[in-house]
Every structure is written in C-alpha cells, then in structure tokens.
Amino acid sequence: MRRWFVLSLLFLGAGCSPVEPVVVFPNETVVHVDIADDIFEREKGFSGRESLEADEGLLFLHDGLEYQRYWMKDMFIPIDILWIDGERVVGFVQDAQPEDPAETIYTSPAPVDKVLEVSAGFVSQNGLKIGDILDIRLADE
C-alpha cells in the first residue's frame with residue numbers, strides 16, 4: 001500500500017505544476033519572464049517599474065499575428081523591445097528611453113504575436129540578430 005501511495009504522489013506531481021516561464025536565446029542566455037496576456041497586463045507593461053535585472057523580461061502574448069504598437073507610458077527604465085513571430089525574432093528596438101510625457105510609438109516591422117521587453121543593452125550584449133529562433137517555455141513540456 002505504501003509503495004502505491006508513493007508512486008501515486010510521484011505520478012500526480014510529475015508535470016502538473018507549471019515551471020517559471022523563460023525565454024532561452026541562441027547563445028543559451030536564459031531570461032525569466034512575466035507574462036502579459038490580457039488587455040490590463042499588456043497596457044500596464046513595465047509602467048512604474050524602477051529596475052530590471054539582466055535576466056528578467058516581460059513577454060506580451062497577443063491573440064494573433066498583427067502589427068503591434070508600443071509606447072513607454074509611465075516607464076522609468078530604458079529597455080530593448082523584441083518583435084517575435086512564433087519563436088522567430090523579426091525585429092527589435094534597442095535602448096528605448098523613457099519619456100515624460102511618452103510620445104514615441106514603437107511599431108513592429110511585421111505582424112507579430114509576441115513582444116519581449118528586456119533591459120536596455122540586452123540585444124547587443126547577446127549578439128541577437130533578426131531571424132534568430134528563441135526557445136519560449138511557458139509551462140512544463
């Protein structure tokens with residue numbers, strides 16, 4: 001009976017809890033991401049955030065492929081913005097600076113279904129190129 005109980009716990013626990021979402025880059029750099037997948041979270045973004053570690057990011061998930069337009073309302077930190085179609089980088093903005101008031105609108109160069117915001121300098125520090133394929137892990141696989 002005890003063996004069955006232990007095996008049941010192992011079986012039930014295996015793969016049932018999501019792992020922290022991450023994006024793994026071609027050079028194997030790992031960025032731990034928060035997910036913005038509803039209108040409220042996408043509008044808020046990094047507004048009000050005062051710091052961002054090199055291995056942190058915010059992954060915006062959109063319902064389909066569309067041109068995306070972003071601005072830096074109430075932002076205090078510079079960021080890089082990655083435009084992503086599936087898992088392929090189709091473009092990026094480097095060193096986007098906070099503005100008060102926010103006036104600059106950043107538009108994706110092609111329709112995308114994901115946008116990743118990371119700390120400024122990330123693109124150049126990691127040698128990221130258009131066409132790079134990312135490993136986007138949202139949950140246990």
# chains A, B, ... in the order shown; residues from 1 in each chain; ligands from 1

$ residues_around --residues "Asp100 of chain A" --least-positions-apart "5" --cutoff "10 Å" --atoms "only C-alpha atoms" --output "list in words"
Met72, Lys73, Asp74, Met75 and Phe76 of chain A

$ write_last_selection --atoms "N, CA and C atoms" --output "mmCIF file, in the first residue's frame"
data_model
loop_
_atom_site.group_PDB
_atom_site.id
_atom_site.type_symbol
_atom_site.label_atom_id
_atom_site.label_comp_id
_atom_site.auth_asym_id
_atom_site.auth_seq_id
_atom_site.Cartn_x
_atom_site.Cartn_y
_atom_site.Cartn_z
ATOM 1 N N MET A 72 6.011 53.932 -24.069
ATOM 2 C CA MET A 72 6.623 53.743 -22.753
ATOM 3 C C MET A 72 5.968 54.638 -21.710
ATOM 4 N N LYS A 73 4.650 54.531 -21.618
ATOM 5 C CA LYS A 73 3.901 55.345 -20.667
ATOM 6 C C LYS A 73 4.295 54.971 -19.224
ATOM 7 N N ASP A 74 4.614 55.993 -18.434
ATOM 8 C CA ASP A 74 4.969 55.833 -17.017
ATOM 9 C C ASP A 74 6.155 54.897 -16.787
ATOM 10 N N MET A 75 7.058 54.822 -17.766
ATOM 11 C CA MET A 75 8.260 53.981 -17.635
ATOM 12 C C MET A 75 9.397 54.810 -17.036
ATOM 13 N N PHE A 76 10.234 54.143 -16.239
ATOM 14 C CA PHE A 76 11.386 54.805 -15.618
ATOM 15 C C PHE A 76 12.717 54.210 -16.062
#

$ closest_atom_pairs --of "segment 19-59 of chain A" --to "segment 129-137 of chain A" --cutoff "6 Å" --atoms "only C-alpha atoms" --output "JSON lines"
{"residue": "A:Pro21", "atom": "CA", "partner": "A:Arg137", "partner_atom": "CA", "distance": 5.5}
{"residue": "A:Val22", "atom": "CA", "partner": "A:Arg137", "partner_atom": "CA", "distance": 5.3}
{"residue": "A:Val23", "atom": "CA", "partner": "A:Ile136", "partner_atom": "CA", "distance": 4.5}
{"residue": "A:Val24", "atom": "CA", "partner": "A:Asp135", "partner_atom": "CA", "distance": 4.9}
{"residue": "A:Phe25", "atom": "CA", "partner": "A:Leu134", "partner_atom": "CA", "distance": 5.2}

$ write_last_selection --atoms "N, CA and C atoms" --output "tab-separated table (two decimals), in the first residue's frame"
chain	number	residue	atom	x	y	z
A	21	PRO	N	8.06	30.67	-16.40
A	21	PRO	CA	8.25	30.88	-17.83
A	21	PRO	C	9.60	31.51	-18.11
A	22	VAL	N	10.27	31.03	-19.15
A	22	VAL	CA	11.57	31.54	-19.56
A	22	VAL	C	11.65	31.63	-21.08
A	23	VAL	N	12.58	32.46	-21.53
A	23	VAL	CA	12.94	32.51	-22.94
A	23	VAL	C	14.43	32.20	-23.00
A	24	VAL	N	14.78	31.20	-23.82
A	24	VAL	CA	16.18	30.81	-23.97
A	24	VAL	C	16.64	31.29	-25.34
A	25	PHE	N	17.75	32.02	-25.35
A	25	PHE	CA	18.27	32.62	-26.56
A	25	PHE	C	19.29	31.69	-27.22

$ residues_around --residues "Val33 of chain A" --least-positions-apart "4" --cutoff "12 Å" --atoms "only C-alpha atoms" --output "PyMOL selection string"
chain A and resi 19-24+45-46+52-61+115-119+136-139

$ atom_distance --atom1 "atom CA of Gly86 of chain A" --atom2 "atom CA of Pro111 of chain A"
10.4 Å

$ closest_residue --among "A:Asp95, A:Asp37, A:Glu28, A:Glu103" --to "Asp80 of chain A" --atoms "only C-alpha atoms"
A:Asp95

$ select_by_dssp --residues "segment 18-139 of chain A" --states "helix (DSSP H, G or I)" --output "list in words"
Ile39, Phe40, Glu41, Arg42, Glu43, Lys44, Phe122, Val123, Ser124 and Gln125 of chain A

$ write_last_selection --atoms "N, CA and C atoms" --output "mmCIF file, in the first residue's frame"
data_model
loop_
_atom_site.group_PDB
_atom_site.id
_atom_site.type_symbol
_atom_site.label_atom_id
_atom_site.label_comp_id
_atom_site.auth_asym_id
_atom_site.auth_seq_id
_atom_site.Cartn_x
_atom_site.Cartn_y
_atom_site.Cartn_z
ATOM 1 N N ILE A 39 -5.591 42.306 -21.703
ATOM 2 C CA ILE A 39 -5.537 43.733 -22.031
ATOM 3 C C ILE A 39 -4.979 44.572 -20.881
ATOM 4 N N PHE A 40 -5.368 44.258 -19.647
ATOM 5 C CA PHE A 40 -4.888 45.027 -18.496
ATOM 6 C C PHE A 40 -3.371 44.871 -18.339
ATOM 7 N N GLU A 41 -2.877 43.625 -18.386
ATOM 8 C CA GLU A 41 -1.443 43.387 -18.214
ATOM 9 C C GLU A 41 -0.641 43.983 -19.364
ATOM 10 N N ARG A 42 -1.185 43.906 -20.592
ATOM 11 C CA ARG A 42 -0.462 44.476 -21.742
ATOM 12 C C ARG A 42 -0.415 46.000 -21.649
ATOM 13 N N GLU A 43 -1.490 46.627 -21.181
ATOM 14 C CA GLU A 43 -1.483 48.092 -21.031
ATOM 15 C C GLU A 43 -0.524 48.535 -19.937
ATOM 16 N N LYS A 44 -0.452 47.773 -18.851
ATOM 17 C CA LYS A 44 0.415 48.137 -17.733
ATOM 18 C C LYS A 44 1.888 47.947 -18.085
ATOM 19 N N PHE A 122 20.509 44.535 -23.875
ATOM 20 C CA PHE A 122 20.423 43.079 -23.965
ATOM 21 C C PHE A 122 20.701 42.585 -25.389
ATOM 22 N N VAL A 123 20.094 43.237 -26.384
ATOM 23 C CA VAL A 123 20.257 42.806 -27.776
ATOM 24 C C VAL A 123 21.722 42.793 -28.179
ATOM 25 N N SER A 124 22.425 43.887 -27.929
ATOM 26 C CA SER A 124 23.834 43.946 -28.329
ATOM 27 C C SER A 124 24.718 43.049 -27.466
ATOM 28 N N GLN A 125 24.443 42.978 -26.173
ATOM 29 C CA GLN A 125 25.260 42.138 -25.284
ATOM 30 C C GLN A 125 25.157 40.659 -25.622
#

$ decode --residues "segment 9-101 of chain A" --atoms "C-alpha atoms" --output "PDB file, in the first residue's frame"
ATOM      1  CA  LEU A   9       2.377  11.070  -5.412  1.00  0.00           C
ATOM      2  CA  LEU A  10       5.231  10.952  -7.911  1.00  0.00           C
ATOM      3  CA  PHE A  11       2.838  10.440 -10.813  1.00  0.00           C
ATOM      4  CA  LEU A  12       0.454  13.183  -9.724  1.00  0.00           C
ATOM      5  CA  GLY A  13       3.279  15.613  -9.050  1.00  0.00           C
ATOM      6  CA  ALA A  14       5.148  14.985 -12.292  1.00  0.00           C
ATOM      7  CA  GLY A  15       4.338  17.608 -14.879  1.00  0.00           C
ATOM      8  CA  CYS A  16       1.360  19.022 -13.016  1.00  0.00           C
ATOM      9  CA  SER A  17       2.817  22.325 -11.924  1.00  0.00           C
ATOM     10  CA  PRO A  18       3.988  24.944 -14.400  1.00  0.00           C
ATOM     11  CA  VAL A  19       7.589  25.991 -14.323  1.00  0.00           C
ATOM     12  CA  GLU A  20       8.593  29.603 -14.262  1.00  0.00           C
ATOM     13  CA  PRO A  21       8.249  30.876 -17.832  1.00  0.00           C
ATOM     14  CA  VAL A  22      11.573  31.543 -19.559  1.00  0.00           C
ATOM     15  CA  VAL A  23      12.944  32.505 -22.940  1.00  0.00           C
ATOM     16  CA  VAL A  24      16.178  30.807 -23.966  1.00  0.00           C
ATOM     17  CA  PHE A  25      18.274  32.624 -26.560  1.00  0.00           C
ATOM     18  CA  PRO A  26      20.558  31.052 -29.207  1.00  0.00           C
ATOM     19  CA  ASN A  27      23.634  31.721 -27.020  1.00  0.00           C
ATOM     20  CA  GLU A  28      21.819  29.856 -24.183  1.00  0.00           C
ATOM     21  CA  THR A  29      21.165  33.004 -22.156  1.00  0.00           C
ATOM     22  CA  VAL A  30      18.007  32.474 -20.102  1.00  0.00           C
ATOM     23  CA  VAL A  31      15.564  35.290 -19.353  1.00  0.00           C
ATOM     24  CA  HIS A  32      12.903  34.719 -16.698  1.00  0.00           C
ATOM     25  CA  VAL A  33       9.712  36.359 -17.918  1.00  0.00           C
ATOM     26  CA  ASP A  34       6.469  37.623 -16.505  1.00  0.00           C
ATOM     27  CA  ILE A  35       3.562  37.095 -18.882  1.00  0.00           C
ATOM     28  CA  ALA A  36       1.218  39.827 -20.116  1.00  0.00           C
ATOM     29  CA  ASP A  37      -1.607  38.000 -21.855  1.00  0.00           C
ATOM     30  CA  ASP A  38      -4.671  40.133 -21.211  1.00  0.00           C
ATOM     31  CA  ILE A  39      -5.537  43.733 -22.031  1.00  0.00           C
ATOM     32  CA  PHE A  40      -4.888  45.027 -18.496  1.00  0.00           C
ATOM     33  CA  GLU A  41      -1.443  43.387 -18.214  1.00  0.00           C
ATOM     34  CA  ARG A  42      -0.462  44.476 -21.742  1.00  0.00           C
ATOM     35  CA  GLU A  43      -1.483  48.092 -21.031  1.00  0.00           C
ATOM     36  CA  LYS A  44       0.415  48.137 -17.733  1.00  0.00           C
ATOM     37  CA  GLY A  45       3.618  46.521 -19.013  1.00  0.00           C
ATOM     38  CA  PHE A  46       6.623  47.802 -17.062  1.00  0.00           C
ATOM     39  CA  SER A  47       4.876  51.052 -16.047  1.00  0.00           C
ATOM     40  CA  GLY A  48       6.122  52.201 -12.668  1.00  0.00           C
ATOM     41  CA  ARG A  49       8.955  49.671 -12.522  1.00  0.00           C
ATOM     42  CA  GLU A  50      12.189  51.262 -11.305  1.00  0.00           C
ATOM     43  CA  SER A  51      14.696  48.495 -12.074  1.00  0.00           C
ATOM     44  CA  LEU A  52      15.120  45.435 -14.254  1.00  0.00           C
ATOM     45  CA  GLU A  53      17.739  42.715 -13.876  1.00  0.00           C
ATOM     46  CA  ALA A  54      19.663  41.465 -16.924  1.00  0.00           C
ATOM     47  CA  ASP A  55      17.883  38.091 -16.737  1.00  0.00           C
ATOM     48  CA  GLU A  56      14.335  39.485 -16.366  1.00  0.00           C
ATOM     49  CA  GLY A  57      11.795  40.349 -19.009  1.00  0.00           C
ATOM     50  CA  LEU A  58       8.140  40.782 -19.814  1.00  0.00           C
ATOM     51  CA  LEU A  59       6.624  38.633 -22.571  1.00  0.00           C
ATOM     52  CA  PHE A  60       3.468  40.022 -24.166  1.00  0.00           C
ATOM     53  CA  LEU A  61       1.271  37.355 -25.746  1.00  0.00           C
ATOM     54  CA  HIS A  62      -1.160  38.517 -28.422  1.00  0.00           C
ATOM     55  CA  ASP A  63      -4.095  36.571 -29.844  1.00  0.00           C
ATOM     56  CA  GLY A  64      -2.844  36.547 -33.427  1.00  0.00           C
ATOM     57  CA  LEU A  65      -0.337  37.984 -35.866  1.00  0.00           C
ATOM     58  CA  GLU A  66      -0.775  41.746 -36.116  1.00  0.00           C
ATOM     59  CA  TYR A  67       1.385  44.841 -36.298  1.00  0.00           C
ATOM     60  CA  GLN A  68       1.940  45.872 -32.686  1.00  0.00           C
ATOM     61  CA  ARG A  69       2.412  49.420 -31.424  1.00  0.00           C
ATOM     62  CA  TYR A  70       4.037  50.089 -28.049  1.00  0.00           C
ATOM     63  CA  TRP A  71       4.867  53.187 -26.065  1.00  0.00           C
ATOM     64  CA  MET A  72       6.623  53.743 -22.753  1.00  0.00           C
ATOM     65  CA  LYS A  73       3.901  55.345 -20.667  1.00  0.00           C
ATOM     66  CA  ASP A  74       4.969  55.833 -17.017  1.00  0.00           C
ATOM     67  CA  MET A  75       8.260  53.981 -17.635  1.00  0.00           C
ATOM     68  CA  PHE A  76      11.386  54.805 -15.618  1.00  0.00           C
ATOM     69  CA  ILE A  77      13.917  52.409 -17.178  1.00  0.00           C
ATOM     70  CA  PRO A  78      15.329  52.061 -20.705  1.00  0.00           C
ATOM     71  CA  ILE A  79      14.572  48.779 -22.456  1.00  0.00           C
ATOM     72  CA  ASP A  80      15.139  46.744 -25.610  1.00  0.00           C
ATOM     73  CA  ILE A  81      11.983  45.557 -27.379  1.00  0.00           C
ATOM     74  CA  LEU A  82      11.968  42.313 -29.381  1.00  0.00           C
ATOM     75  CA  TRP A  83       9.279  41.708 -32.005  1.00  0.00           C
ATOM     76  CA  ILE A  84       8.573  37.953 -32.305  1.00  0.00           C
ATOM     77  CA  ASP A  85       6.567  35.876 -34.796  1.00  0.00           C
ATOM     78  CA  GLY A  86       6.103  32.422 -33.259  1.00  0.00           C
ATOM     79  CA  GLU A  87       9.617  31.924 -31.925  1.00  0.00           C
ATOM     80  CA  ARG A  88      11.476  33.919 -34.610  1.00  0.00           C
ATOM     81  CA  VAL A  89      12.814  37.434 -33.977  1.00  0.00           C
ATOM     82  CA  VAL A  90      11.567  39.695 -36.772  1.00  0.00           C
ATOM     83  CA  GLY A  91      12.971  42.938 -35.380  1.00  0.00           C
ATOM     84  CA  PHE A  92      13.947  44.859 -32.299  1.00  0.00           C
ATOM     85  CA  VAL A  93      14.288  48.308 -30.802  1.00  0.00           C
ATOM     86  CA  GLN A  94      17.461  48.964 -28.855  1.00  0.00           C
ATOM     87  CA  ASP A  95      17.797  51.322 -25.907  1.00  0.00           C
ATOM     88  CA  ALA A  96      14.262  52.735 -25.922  1.00  0.00           C
ATOM     89  CA  GLN A  97      14.334  55.582 -23.399  1.00  0.00           C
ATOM     90  CA  PRO A  98      11.571  56.650 -21.014  1.00  0.00           C
ATOM     91  CA  GLU A  99       9.822  59.882 -21.971  1.00  0.00           C
ATOM     92  CA  ASP A 100       7.682  62.226 -19.922  1.00  0.00           C
ATOM     93  CA  PRO A 101       5.225  62.562 -21.498  1.00  0.00           C
TER      94      PRO A 101
END
